[in-house]
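In what follows, a single structure is set out as structure tokens and then discussed.
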Amino acid sequence: MAGRRGRAGIRFSELYSFSCARSQDDAGGPPQAGRGYSREVHCNEPAAASRLGYPDNRVSTTKYTAVNLVPKSLFEQFRRVANVFFLVVACVSFSPLAPYRAVSVLLPLVVVVGATMAKEAVEDWRRKQQDVEVNNRKVKVYVDHTYHQTEWKKLRVGDVVMVEKDEFFPADLLLLSSSYEDGICYVETMNLDGETNLKLKQCLEVTMMSHEVHSLRKFKSLIRCEDPNENLYTFTGTMYHEGSQYSLSPKQLLLRDSKLRNTDYVIGVVVFTGHDTKVMQNATSPPSKRSGIERKMDKIIYALFCVLILIASIGSVFFGIETKNDIKDGVSKRWYLRPDDASELFDPKRAFLASFFHFFTGLMLYGCLIPISLYISIEIVKVVQSTFINQDQEMYYEETDKPARARTSNLNEELGQVDTILSDKTGTLTCNSMEFVRCSIGGVAYGDAVTEETIGKRLVEGPDLQNPCFAQQHIRSWDFIKFVKGFNFSDERLMSGQWVKEPHSDVIQKFFQVLAICHTVVPEVKNTTGKILYEAESPDEAAFVIAAREFGFEFYERTQSSISLHEFDPRIGGKVDRKYKLLNILEFSSARKRMSIIVRNEEGQLLLLCKGADSVMFDRLAEAGRAFEMETREHVNRYSEAGLRTLVVAYRELTEEEYNMWNEVFSKAKSLVSDNRDEMMDAAADGIEQKLTLIGVTAVEDKLQNGVPECIEKLVQAGIKIWVLTGDKMETAINIGFSCNLLWKEMKLIVITLDKPAVNALEKQGDKESIAKAISEDIERQICEAKAEVSLARGSVAFGLVIDGKSLNFVLMSNLEKSFLELATGCASVICCRASPKQKALVTRMVKRGTKRTTLAVGDGANDVGMLQEADIGVGISGVEGMQAVMSSDFAIAQFRYLERLLLVHGHWCYRRIAAMICYFFYKNIIFGFTLFWFEAHASFSGQPAYNDWYIAFYNVAFTSLPVIALGVFDKDVSASICLKYPLLHQDGVRNILFSWSRILGWMFNGFCGSILIFYLTTNAIFNQAFWKHGNVAGSELLGVTIPCCFQNIITSFKERIQKARLNIRPDSTDFCKVGWLSSDDPANEKPRLAFKRSHRIC
Amino acid sequence: MNTGDGGGAASAASTSGANGSADAAAPRRNSKRPKYSRFTQQELPACKPILTPQWVISAFAVVSIVFVPIGVASLLASRDVVEIVDRYESVCVPANMTNDKVAYIQNPNISKTCTRTLTVRLLGSLVPKHMNQPIYVYYQLDNFYQNHRRYVKSRNDGQLRSKDKANDTSGCDPEDKSGNAPIVPCGLIAWSLFNDTYQFTINRASLNVNKKGISWKSDREHKFGKNVLPKNFQSGPLKGGATLDPNISLSEQEDLIVWMRTAALPTFRKLWGKIEVDLEANQTITVTIENNYNTYSFSGKKKLVLSTASWLGGKNDFLGVAYLTVGGLCFFLAMAFTVIYLVKPRKLGDPSYLSWNRNPGGH
């Protein structure tokens, strides 16, 4: 549990738990002034805020303003090289260099840029509406001895405001007092981190009484605190009030956008306003990632630029030669062109200059090779694809009412190319809802409930229970009549008060007391039923409190300084109410891996109750407290082998002197207002968490999510490599691996670990350097051996690799990365246990860079954020843990099992669609550009366009845009069920078959051939004879209609063939042909035939 | 997927607390469940043709069945057309001038009249052929770049259309003004108007050639104004091609209208007139050509073409051949696939043919 709860828990508990807030009359030393701590808040004197230059509370999340919308979005858009090209071309097109009218380039550019700008403007307008709504919310401000309703935006630093129940806080407030006597209030931080549980805030004692209107009148004090920053969970400052200093902590800070709950009202002073508030400081744009396909697309565009320059130069060279030949020895050759009287553009005497100018004409003429509307079309298609993902009913999770969300739309196609999945375990593979299943008290193991892992193992033998979920349901139904959430324990020896008869009943009682007391859970009594519900930060703690309740130790009330239980007393033989005086809470952190609580019981005895990870707890036991150490250690191992999360429970009796001495040190550390306050507190806490007496061990199970084993099996079948990165112990991780099909029986396990006696012995002696050297040598040897083994097996056996965090550290630090990666890629699945958040991110980076394939990271907690941002695609599970992971992810799903559909169905389709669409785009533009070129070859490269200006203008933005978009939206090679049935189809994307260079060049070559065919078939068919029975011959206009007609037909019919969707959007083609009255000339029918046949052969 | 067991319920469990009841009620009222539509669920009906051998073979067969008759019909139509082509630009040069043809054509004192005799028979053979009226008379120029950008742009459509814009000669450079007077019609195209003429006689009886209705109707009615008269045309120092009668409006100057509709390729034909009587097989026609037009400077050819027209237009085997080729190819493929299918059938959807199964080393 330790490593696990470390994620979100650490920070939150620092902030919200009940460290006993005794008055801190003498803050230790003056707070650091100067940089970082310069903010001054004059309570009740908002005028001072403007003097100090603090902004008002107006927020604006818009990207543009009315003034800068046009220039800013233009600037953004003209960072794309294609747009710049067209802008330059549009400028030049006003000169006589232009082969066609300026409108032909200007119009598509204006349409494309305008459409993008309109899209931006609409999005921004929505944000603006939201801002206006928020800015105009009302709040009560204390002005002139009474409260006035004011809009949020008018708040200034130093204003005293009153916030009522279920209202949002308008700014970051310092809590002065609340409707409760002891100055506490509850807040919900749903909007900040997605956690729905209530958090407790408490004001300083000196301000506790200042909620009366008249007492506020003379409330004047100065607050000095840290400058605005984005850290939600820290706050340091000092309040100067009536000549004394009081230190401030996050406990007094009410954050903007969180909500007041269960409290009638609070009064607070505004500390940070508007964009200075923590939540606004936190608002960063999601990381912008670009998909591999798009990066490749850029390269293709550059390649097309090269082609463009090439053919423009060829054209200008030939043009130069032909122009030079127009006058020979002073005699005009092509006299009808009047070469003797030509401007510099056509002057044979200055043929080089003419040729130079012609180069630009050529660039403009063949400019249609560059698909101007490609970006916007792709954007449109991707938005629609994202809608498909968002709207997929198969990925909607009823329980939490959460559909899948594509938070960024530019990675859709990357989903179809995922090669490696890096997954977090807890909350991602598992539900992160803990069930208390086993315990070991006083060296005796209790509990015989069926766990998921044992079911998993049983499944291997028993084919009748195909579905573990079914099995679980099945077993549940006969095992338990009464099912309590979070409690899956059955042992007659402990249940229904029977524990009294056990040999160590006093130890058992202690055990239950620790479970019921040592936590930060808030009880909430339901008015209607009288039932008590628990608000816990971590599901583990909830499971403990629930377990204690089931055993007869019901925790029912918590105040600032006490914890009350309905307790079963064996001496009386019935329930009694006991109140424990709460003295200190030593909070949990991932570094400490334990939490303690110091209480005074009704007998006046001082007790330190402690629970924590086995790795730290066993070292802290007193000699006398190790009575059951052997048995307990064995139980710990057994539980973790069964995939359970264990916590060791211990206590210590303190004497008054011990406590007082320690408390002095601790209070001092706590009242520090500096950066190293946390370290000081940890050190102080460490001093008292010693000489403990062992009580027992708890084991909670984190159940696998529905469908995880099936999903993983599918993904493995799809050839996706799965890495699990977890903070759990190795045994737990391996067991979870087995139960979710990541590891299987026939598989050969390779374990790389440093948890060996030899290494341990080595660590004890010798200097650091030599240890590091020896260790890395050891790891290198392990890796080499494993590699030899893998290469020996040559694919006959599947391998599973397990590595622990310590070894991983060495692998990542030293130059072993490469060989480790080689080993890992040879294995079917990899499990990294005991991995820290940073290691997770580093491993992700290593895999991403090492394999050069697409990686996908999936996680649900704050500790996965680094990993999600590092990977090519981050998928957040919007589960129990809060929203941080989702906020930094690219896709959010509610359950791990939806990954299967997301990758195999949506990924497959999106990849196919985007790849085909981009190729299609280049294809159509190449057809268009090259027919122009062939025409030029027959017009002595003079730069006369073959088509009408309007056709050129509308070709990209109107005539051929819909078929391409339709392809990107509708194309479906196989149905969803086939995608899921044959996961191997996913390899299309992994190998990037549809967007390989050969495929792209194939399309382009196809376009090239198409242009030759179209041009020569058409010209040969309609020239030079009369083209109808009335004897007239076709002129250039007719050619200019016939050729576009041809490729209009071809391009759209290509679409039909590829698209296969019945929605037939081709008004453009037929309409255009009707306009050109020569409805579908014969060659037009001919060409699709040829193309058809060709594609046949390709297929 | 299984739903509704403990697993699902438990996931929302431990932290629920106060929200427990709210959560239970909320989704019912205001669920975020995506709305069903066939579009969003991507279940639109679609046809997914699988290229089974039968399907492919029948597709090819159908194509060949459709294309071969079309090809045959086009070819027959083309074969019906009788075409007489006579290249005259070099034979019309007097023998003593063959070394300097340009001097010949530019010398106004040398008579340009030239007489040719044509026989009504199939082109390139001695088979006599009857020609039904109407017989179209074309001139064909080679290596003449009417599609040159400078040339194409050198006109002013407004000026051609309406009398009011007679002074608008923009874009006509360098043939825009004669001195200071605007030229109507201005520009290089009009200036270089073709000016060879033909006179046909059969047995000394002159053959009437109808010069009306040789241009596009839309051109006559909309693009060339009825009241626009030529002005200052060919009055510059350098004379280009034909002159125009300044008393006849542009819409009636059909030779100009035909010429102004520029050709797409450097080899082109233009309609010159229509002979509205039948020509008997083996008849001999004498053509008196005024060989005025200078193609010698740029070594262009000049041809006189007499041709009938079928429903498909003039003589061009290309279309028929193309259709027959494609149809034949499809027929051949259909046969070949049938044979392959019968001799060596292949299981449909055999995964061992998939690329990644074929070469396991990656692609």
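Labels for the structure tokens follow display order: chains A, B, ..., residues from 1 in each chain, ligands from 1.
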
May I have the residues within 12 Å of stretch 87-99 of chain B as a ChimeraX atom specification, using only C-alpha atoms and disregarding those fewer than 4 positions away in the same chain? /B:103-107,110-118,138-142,196,198,287-297,299-306

Residues of the last selection are to be written out with C-alpha atoms, as a CSV table (one decimal), in the first residue's frame.
chain,number,residue,atom,x,y,z
B,103,ALA,CA,10.9,35.7,-98.6
B,104,TYR,CA,8.3,34.1,-100.9
B,105,ILE,CA,5.5,34.6,-98.5
B,106,GLN,CA,6.5,38.0,-97.5
B,107,ASN,CA,6.9,39.3,-101.0
B,110,ILE,CA,4.5,37.2,-106.1
B,111,SER,CA,1.2,35.6,-106.8
B,112,LYS,CA,0.2,33.3,-104.0
B,113,THR,CA,-2.4,31.4,-106.0
B,114,CYS,CA,-1.9,27.7,-106.1
B,115,THR,CA,-4.0,24.9,-107.6
B,116,ARG,CA,-4.5,21.5,-106.1
B,117,THR,CA,-6.6,18.6,-107.3
B,118,LEU,CA,-8.2,16.2,-104.8
B,138,TYR,CA,-11.1,22.6,-92.4
B,139,TYR,CA,-7.7,24.1,-92.5
B,140,GLN,CA,-5.2,22.4,-90.2
B,141,LEU,CA,-2.1,24.2,-88.9
B,142,ASP,CA,0.8,22.4,-87.3
B,196,ASP,CA,-5.7,31.5,-96.9
B,198,TYR,CA,-10.0,28.1,-101.0
B,287,VAL,CA,-9.0,23.7,-105.3
B,288,THR,CA,-7.6,27.1,-105.9
B,289,ILE,CA,-5.7,28.2,-102.9
B,290,GLU,CA,-4.7,31.7,-102.0
B,291,ASN,CA,-1.6,30.8,-100.0
B,292,ASN,CA,-1.3,34.0,-98.0
B,293,TYR,CA,-0.7,32.8,-94.5
B,294,ASN,CA,2.9,32.7,-93.3
B,295,THR,CA,3.7,29.4,-91.6
B,296,TYR,CA,7.2,29.3,-93.1
B,297,SER,CA,8.8,31.4,-90.4
B,299,SER,CA,8.1,25.8,-90.2
B,300,GLY,CA,4.5,25.1,-89.6
B,301,LYS,CA,2.5,22.9,-92.0
B,302,LYS,CA,-0.8,23.8,-93.6
B,303,LYS,CA,-3.4,21.3,-94.6
B,304,LEU,CA,-6.7,21.4,-96.3
B,305,VAL,CA,-9.2,18.9,-94.9
B,306,LEU,CA,-12.5,17.8,-96.3

Contacts of A:Asp448 within 12 Å, only C-alpha atoms, excl. fewer than 6 positions in-chain, as a ChimeraX atom specification: /A:436-440,454,479,488-494,639,699

Would you kindly report the residues of chain B within 6 Å of chain A, using only C-alpha atoms, as a short mmCIF file (atom, residue, chain, number, x, y, z; two decimals) with N, CA, C and O atoms, in the first residue's frame?
data_model
loop_
_atom_site.label_atom_id
_atom_site.label_comp_id
_atom_site.auth_asym_id
_atom_site.auth_seq_id
_atom_site.Cartn_x
_atom_site.Cartn_y
_atom_site.Cartn_z
N SER B 11 -16.29 -0.30 -7.35
CA SER B 11 -15.35 0.71 -7.80
C SER B 11 -15.78 2.09 -7.35
O SER B 11 -14.96 2.97 -7.17
N SER B 14 -15.79 2.91 -2.02
CA SER B 14 -15.22 3.32 -0.76
C SER B 14 -15.23 4.82 -0.57
O SER B 14 -15.31 5.29 0.55
N THR B 15 -15.11 5.55 -1.63
CA THR B 15 -15.09 6.99 -1.42
C THR B 15 -16.46 7.60 -1.48
O THR B 15 -16.62 8.78 -1.26
N GLY B 17 -19.55 7.65 0.16
CA GLY B 17 -19.98 8.45 1.28
C GLY B 17 -21.14 9.33 0.94
O GLY B 17 -22.18 8.88 0.45
N LYS B 32 -24.86 10.96 -18.97
CA LYS B 32 -23.97 11.36 -20.06
C LYS B 32 -23.88 10.27 -21.11
O LYS B 32 -23.01 10.29 -21.96
N PRO B 34 -23.94 8.38 -24.27
CA PRO B 34 -24.05 8.90 -25.64
C PRO B 34 -25.37 8.50 -26.28
O PRO B 34 -25.85 7.40 -26.07
N THR B 40 -23.34 8.21 -35.27
CA THR B 40 -22.32 8.28 -34.22
C THR B 40 -21.82 6.90 -33.84
O THR B 40 -20.69 6.75 -33.43
N GLN B 41 -22.66 5.91 -33.97
CA GLN B 41 -22.19 4.57 -33.62
C GLN B 41 -21.52 3.90 -34.82
O GLN B 41 -21.17 2.73 -34.76
N ALA B 46 -23.50 0.02 -45.18
CA ALA B 46 -22.43 0.21 -46.14
C ALA B 46 -22.28 -1.08 -46.92
O ALA B 46 -22.55 -2.16 -46.41
N CYS B 47 -21.89 -0.94 -48.17
CA CYS B 47 -21.63 -2.17 -48.89
C CYS B 47 -20.13 -2.41 -48.90
O CYS B 47 -19.34 -1.50 -49.09
N LYS B 48 -19.78 -3.58 -48.54
CA LYS B 48 -18.36 -3.91 -48.47
C LYS B 48 -18.09 -5.04 -49.45
O LYS B 48 -18.13 -6.20 -49.09
N ASN B 147 -1.96 28.22 -78.08
CA ASN B 147 -2.14 28.09 -76.62
C ASN B 147 -1.02 28.77 -75.85
O ASN B 147 -0.89 28.57 -74.65
N HIS B 148 -0.21 29.55 -76.52
CA HIS B 148 0.84 30.28 -75.82
C HIS B 148 0.21 31.34 -74.94
O HIS B 148 -0.74 32.00 -75.32
N ARG B 149 0.78 31.48 -73.72
CA ARG B 149 0.13 32.36 -72.75
C ARG B 149 0.03 33.80 -73.27
O ARG B 149 -1.00 34.46 -73.13
N SER B 192 -3.46 38.01 -85.99
CA SER B 192 -2.84 36.94 -86.75
C SER B 192 -3.89 36.06 -87.44
O SER B 192 -3.64 34.88 -87.68
N THR B 262 -9.45 29.83 -79.34
CA THR B 262 -8.09 29.32 -79.51
C THR B 262 -8.03 27.81 -79.33
O THR B 262 -8.79 27.23 -78.56
N ALA B 263 -7.09 27.24 -80.05
CA ALA B 263 -6.93 25.80 -79.98
C ALA B 263 -6.12 25.42 -78.75
O ALA B 263 -5.35 26.22 -78.23
N ALA B 264 -6.31 24.19 -78.31
CA ALA B 264 -5.64 23.74 -77.09
C ALA B 264 -4.24 23.22 -77.38
O ALA B 264 -3.37 23.31 -76.53
N PHE B 268 -3.84 21.90 -84.88
CA PHE B 268 -5.28 22.05 -84.73
C PHE B 268 -5.95 22.25 -86.07
O PHE B 268 -5.32 22.61 -87.07
N SER B 297 7.85 30.91 -91.45
CA SER B 297 8.77 31.44 -90.44
C SER B 297 9.02 30.42 -89.33
O SER B 297 10.12 30.29 -88.82
N PHE B 298 7.98 29.72 -88.94
CA PHE B 298 8.13 28.80 -87.80
C PHE B 298 7.98 27.35 -88.26
O PHE B 298 7.64 26.47 -87.49
N ALA B 309 -18.98 13.91 -91.26
CA ALA B 309 -19.02 13.68 -89.82
C ALA B 309 -20.07 12.63 -89.49
O ALA B 309 -21.13 12.58 -90.12
N SER B 310 -19.74 11.80 -88.57
CA SER B 310 -20.70 10.79 -88.10
C SER B 310 -21.31 11.28 -86.80
O SER B 310 -21.05 12.40 -86.36
N TRP B 311 -22.09 10.43 -86.13
CA TRP B 311 -22.66 10.83 -84.84
C TRP B 311 -21.56 11.07 -83.81
O TRP B 311 -21.73 11.74 -82.82
N LEU B 312 -20.39 10.53 -84.11
CA LEU B 312 -19.31 10.66 -83.15
C LEU B 312 -18.33 11.75 -83.57
O LEU B 312 -17.26 11.91 -83.00
N GLY B 313 -18.68 12.48 -84.61
CA GLY B 313 -17.77 13.52 -85.07
C GLY B 313 -16.94 13.04 -86.22
O GLY B 313 -17.37 12.21 -87.02
N GLY B 314 -15.72 13.57 -86.28
CA GLY B 314 -14.84 13.29 -87.41
C GLY B 314 -14.15 11.96 -87.32
O GLY B 314 -14.49 11.11 -86.49
N LEU B 319 -10.66 6.42 -80.22
CA LEU B 319 -11.63 6.10 -79.19
C LEU B 319 -12.08 4.65 -79.29
O LEU B 319 -12.10 3.91 -78.30
#

Using only C-alpha atoms for the distances, tell me which of B:Ser162, B:Asn316, B:Ser31, B:Gln42 is nearest to B:Glu221.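 Of B:Ser162, B:Asn316, B:Ser31, B:Gln42, the one nearest B:Glu221 is B:Ser162, counting only C-alpha atoms.
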
Picked from stretch 121-248 of chain B by DSSP as strand (DSSP E), as a VMD selection string: chain B and resid 135 to 141 177 to 178 181 to 182 197 to 202 205 to 207 209 to 210

Residues within 8 Å of stretch 164-178 of chain A, please, as a PyMOL selection string. Count only C-alpha atoms; anything in the same chain fewer than 6 positions from it doesn't count. chain A and resi 57+139+152+184-185+201-204+207-211+252-274+277-278

Write out the residues from the selection above, keeping N, CA, C and O atoms, as a compact mmCIF listing (two decimals), in the first residue's frame.
# COMPACT_ATOMS: atom_id res chain seq x y z
N ASN A 57 -10.39 40.28 -9.79
CA ASN A 57 -10.71 38.84 -9.84
C ASN A 57 -11.29 38.41 -11.18
O ASN A 57 -11.89 37.36 -11.30
N VAL A 139 -21.24 37.21 -5.10
CA VAL A 139 -20.71 36.79 -3.82
C VAL A 139 -20.95 37.93 -2.83
O VAL A 139 -21.09 39.09 -3.22
N TRP A 152 -18.22 38.52 -8.96
CA TRP A 152 -16.91 37.93 -8.69
C TRP A 152 -15.78 38.79 -9.20
O TRP A 152 -14.75 38.93 -8.60
N ILE A 184 -14.15 25.17 11.59
CA ILE A 184 -13.83 24.25 10.50
C ILE A 184 -14.85 24.40 9.38
O ILE A 184 -15.93 24.96 9.57
N CYS A 185 -14.50 23.90 8.24
CA CYS A 185 -15.48 23.80 7.18
C CYS A 185 -15.07 22.66 6.25
O CYS A 185 -13.93 22.20 6.28
N LYS A 201 -11.14 21.97 6.35
CA LYS A 201 -10.28 23.14 6.47
C LYS A 201 -10.54 23.74 7.84
O LYS A 201 -11.65 23.65 8.38
N GLN A 202 -9.53 24.36 8.36
CA GLN A 202 -9.73 24.94 9.68
C GLN A 202 -9.04 26.27 9.78
O GLN A 202 -7.93 26.46 9.29
N CYS A 203 -9.70 27.21 10.47
CA CYS A 203 -9.10 28.54 10.55
C CYS A 203 -8.20 28.63 11.78
O CYS A 203 -8.17 27.73 12.60
N LEU A 204 -7.48 29.72 11.88
CA LEU A 204 -6.66 29.95 13.05
C LEU A 204 -7.57 30.27 14.23
O LEU A 204 -8.66 30.82 14.05
N THR A 207 -8.76 33.98 14.70
CA THR A 207 -9.77 34.59 13.84
C THR A 207 -11.11 33.88 13.98
O THR A 207 -12.08 34.24 13.34
N MET A 208 -11.14 32.89 14.84
CA MET A 208 -12.30 32.01 14.91
C MET A 208 -13.59 32.76 15.21
O MET A 208 -14.65 32.42 14.71
N MET A 209 -13.49 33.78 16.01
CA MET A 209 -14.70 34.43 16.47
C MET A 209 -15.10 35.61 15.59
O MET A 209 -16.05 36.31 15.88
N SER A 210 -14.36 35.84 14.55
CA SER A 210 -14.60 37.07 13.81
C SER A 210 -15.70 36.96 12.78
O SER A 210 -15.68 37.63 11.77
N HIS A 211 -16.66 36.11 13.04
CA HIS A 211 -17.72 36.05 12.04
C HIS A 211 -18.87 37.02 12.32
O HIS A 211 -19.76 37.19 11.52
N GLN A 252 -5.73 26.56 5.90
CA GLN A 252 -6.56 27.75 5.98
C GLN A 252 -6.94 28.28 4.60
O GLN A 252 -7.64 29.26 4.48
N LEU A 253 -6.43 27.63 3.58
CA LEU A 253 -6.62 28.19 2.25
C LEU A 253 -7.79 27.50 1.55
O LEU A 253 -7.83 26.28 1.44
N LEU A 254 -8.74 28.30 1.11
CA LEU A 254 -9.88 27.77 0.35
C LEU A 254 -9.65 28.13 -1.11
O LEU A 254 -9.53 29.31 -1.45
N LEU A 255 -9.56 27.12 -1.93
CA LEU A 255 -9.16 27.37 -3.32
C LEU A 255 -10.35 27.72 -4.19
O LEU A 255 -11.45 27.17 -4.03
N ARG A 256 -10.11 28.63 -5.09
CA ARG A 256 -11.11 28.99 -6.09
C ARG A 256 -11.58 27.73 -6.80
O ARG A 256 -10.80 26.79 -7.00
N ASP A 257 -12.85 27.71 -7.15
CA ASP A 257 -13.46 26.61 -7.90
C ASP A 257 -13.73 25.37 -7.05
O ASP A 257 -14.24 24.39 -7.55
N SER A 258 -13.35 25.40 -5.77
CA SER A 258 -13.83 24.31 -4.94
C SER A 258 -15.11 24.81 -4.26
O SER A 258 -15.45 25.99 -4.31
N LYS A 259 -15.78 23.89 -3.62
CA LYS A 259 -17.16 24.16 -3.22
C LYS A 259 -17.30 23.98 -1.71
O LYS A 259 -16.71 23.05 -1.15
N LEU A 260 -18.07 24.81 -1.11
CA LEU A 260 -18.29 24.69 0.33
C LEU A 260 -19.39 23.66 0.57
O LEU A 260 -20.45 23.74 0.00
N ARG A 261 -19.10 22.70 1.44
CA ARG A 261 -20.09 21.65 1.70
C ARG A 261 -20.30 21.49 3.19
O ARG A 261 -19.39 21.72 3.99
N ASN A 262 -21.50 21.08 3.53
CA ASN A 262 -21.81 20.70 4.91
C ASN A 262 -21.53 21.81 5.92
O ASN A 262 -21.37 21.55 7.10
N THR A 263 -21.42 23.02 5.47
CA THR A 263 -21.12 24.14 6.34
C THR A 263 -22.03 25.27 5.90
O THR A 263 -22.17 25.51 4.70
N ASP A 264 -22.63 25.96 6.88
CA ASP A 264 -23.62 26.95 6.49
C ASP A 264 -22.97 28.12 5.77
O ASP A 264 -23.46 28.60 4.77
N TYR A 265 -21.90 28.62 6.37
CA TYR A 265 -21.20 29.71 5.69
C TYR A 265 -19.78 29.78 6.20
O TYR A 265 -19.46 29.23 7.26
N VAL A 266 -18.94 30.41 5.43
CA VAL A 266 -17.59 30.71 5.92
C VAL A 266 -17.29 32.17 5.59
O VAL A 266 -17.88 32.76 4.70
N ILE A 267 -16.37 32.70 6.37
CA ILE A 267 -15.91 34.05 6.08
C ILE A 267 -14.43 33.97 5.80
O ILE A 267 -13.67 33.30 6.52
N GLY A 268 -14.02 34.59 4.73
CA GLY A 268 -12.62 34.50 4.38
C GLY A 268 -12.14 35.79 3.77
O GLY A 268 -12.93 36.63 3.35
N VAL A 269 -10.84 35.92 3.75
CA VAL A 269 -10.26 37.10 3.14
C VAL A 269 -9.58 36.68 1.84
O VAL A 269 -8.95 35.62 1.77
N VAL A 270 -9.77 37.51 0.84
CA VAL A 270 -9.24 37.15 -0.48
C VAL A 270 -7.73 37.30 -0.48
O VAL A 270 -7.20 38.35 -0.12
N VAL A 271 -7.04 36.25 -0.87
CA VAL A 271 -5.58 36.27 -0.88
C VAL A 271 -5.06 36.37 -2.30
O VAL A 271 -4.20 37.19 -2.62
N PHE A 272 -5.58 35.48 -3.14
CA PHE A 272 -5.17 35.52 -4.55
C PHE A 272 -6.42 35.75 -5.39
O PHE A 272 -7.46 35.16 -5.14
N THR A 273 -6.29 36.59 -6.39
CA THR A 273 -7.44 36.87 -7.24
C THR A 273 -7.15 36.48 -8.68
O THR A 273 -6.00 36.39 -9.09
N GLY A 274 -8.20 36.30 -9.40
CA GLY A 274 -8.12 36.13 -10.86
C GLY A 274 -7.07 35.14 -11.28
O GLY A 274 -7.07 33.99 -10.86
N THR A 277 -4.83 33.01 -8.80
CA THR A 277 -5.31 31.90 -8.01
C THR A 277 -4.61 30.61 -8.44
O THR A 277 -4.15 30.51 -9.58
N LYS A 278 -4.58 29.69 -7.50
CA LYS A 278 -3.82 28.47 -7.78
C LYS A 278 -4.42 27.70 -8.95
O LYS A 278 -3.69 27.14 -9.76

Picked from stretch 46-267 of chain B by DSSP as helix (DSSP H, G or I), as a PyMOL selection string: chain B and resi 53-80+95-97+101-106+149-153+157-161+163-165+188-191+217-223+250-252+254-260

List as a tab-separated table (two decimals) with all heavy atoms, in the first residue's frame the protein and nucleic acid residues near A:Pro348, meaning an atom at most 6 Å away when only C-alpha atoms are counted, but skip any in the same chain fewer than 3 places from it.
chain	number	residue	atom	x	y	z
A	323	THR	N	11.76	30.50	-76.04
A	323	THR	CA	11.63	31.94	-76.21
A	323	THR	C	12.84	32.50	-76.95
A	323	THR	O	12.72	33.34	-77.84
A	323	THR	CB	11.50	32.62	-74.84
A	323	THR	OG1	10.46	32.00	-74.14
A	323	THR	CG2	11.20	34.10	-74.98
A	324	LYS	N	14.01	32.00	-76.62
A	324	LYS	CA	15.24	32.47	-77.26
A	324	LYS	C	15.20	32.18	-78.77
A	324	LYS	O	15.64	32.99	-79.59
A	324	LYS	CB	16.43	31.77	-76.63
A	324	LYS	CG	17.75	32.49	-76.92
A	324	LYS	CD	18.86	31.89	-76.09
A	324	LYS	CE	20.20	32.53	-76.44
A	324	LYS	NZ	20.20	33.98	-76.19
A	351	ALA	N	16.15	36.28	-72.88
A	351	ALA	CA	15.52	34.99	-72.62
A	351	ALA	C	15.81	34.49	-71.21
A	351	ALA	O	14.95	33.88	-70.57
A	351	ALA	CB	15.98	33.95	-73.64

For A:Glu780, the nearest of the candidates A:Ala892, A:Leu422, A:Ala47, A:Leu754, counting only C-alpha atoms: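 Under the stated criterion, the closest residue is A:Leu754.
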
For B:Arg161, which of B:Val228, B:Val277, B:Leu193, B:Val339 is the closest residue, counting only C-alpha atoms?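 Looking at the shortest contact to B:Arg161, the residue is B:Val228.
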
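Proximity of B:Ala166, B:Met260, B:Val82, B:Ile248 to B:Ser154, computed with only C-alpha atoms, is greatest for B:Met260.
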
Give me the residues near A:Glu822 as a PyMOL selection string, where near means some atom within 12 Å (using only C-alpha atoms) and where sequence neighbours in that chain fewer than 5 positions away do not count. chain A and resi 783-784+786-788+790-791+801+816-817+827+846-847+850-851

Just the number, please: distance in Å from atom CA of A:Cys225 to atom CA of A:Thr61, one decimal. 25.7 Å

Separation of atom CA of B:Gly273 and atom CA of B:Ser215, in Å?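 According to the coordinates, atom CA of B:Gly273 and atom CA of B:Ser215 are separated by 9.6 Å.
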
Hey, what's within 10 Å of B:Lys212 if we count only C-alpha atoms and toss same-chain stuff fewer than 3 positions away? As a list in words, please?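 Result of the neighbour search: Val209, Ser215, Glu252, Gln253, Glu254, Asp255, Trp272, Gly273 and Lys274 of chain B.
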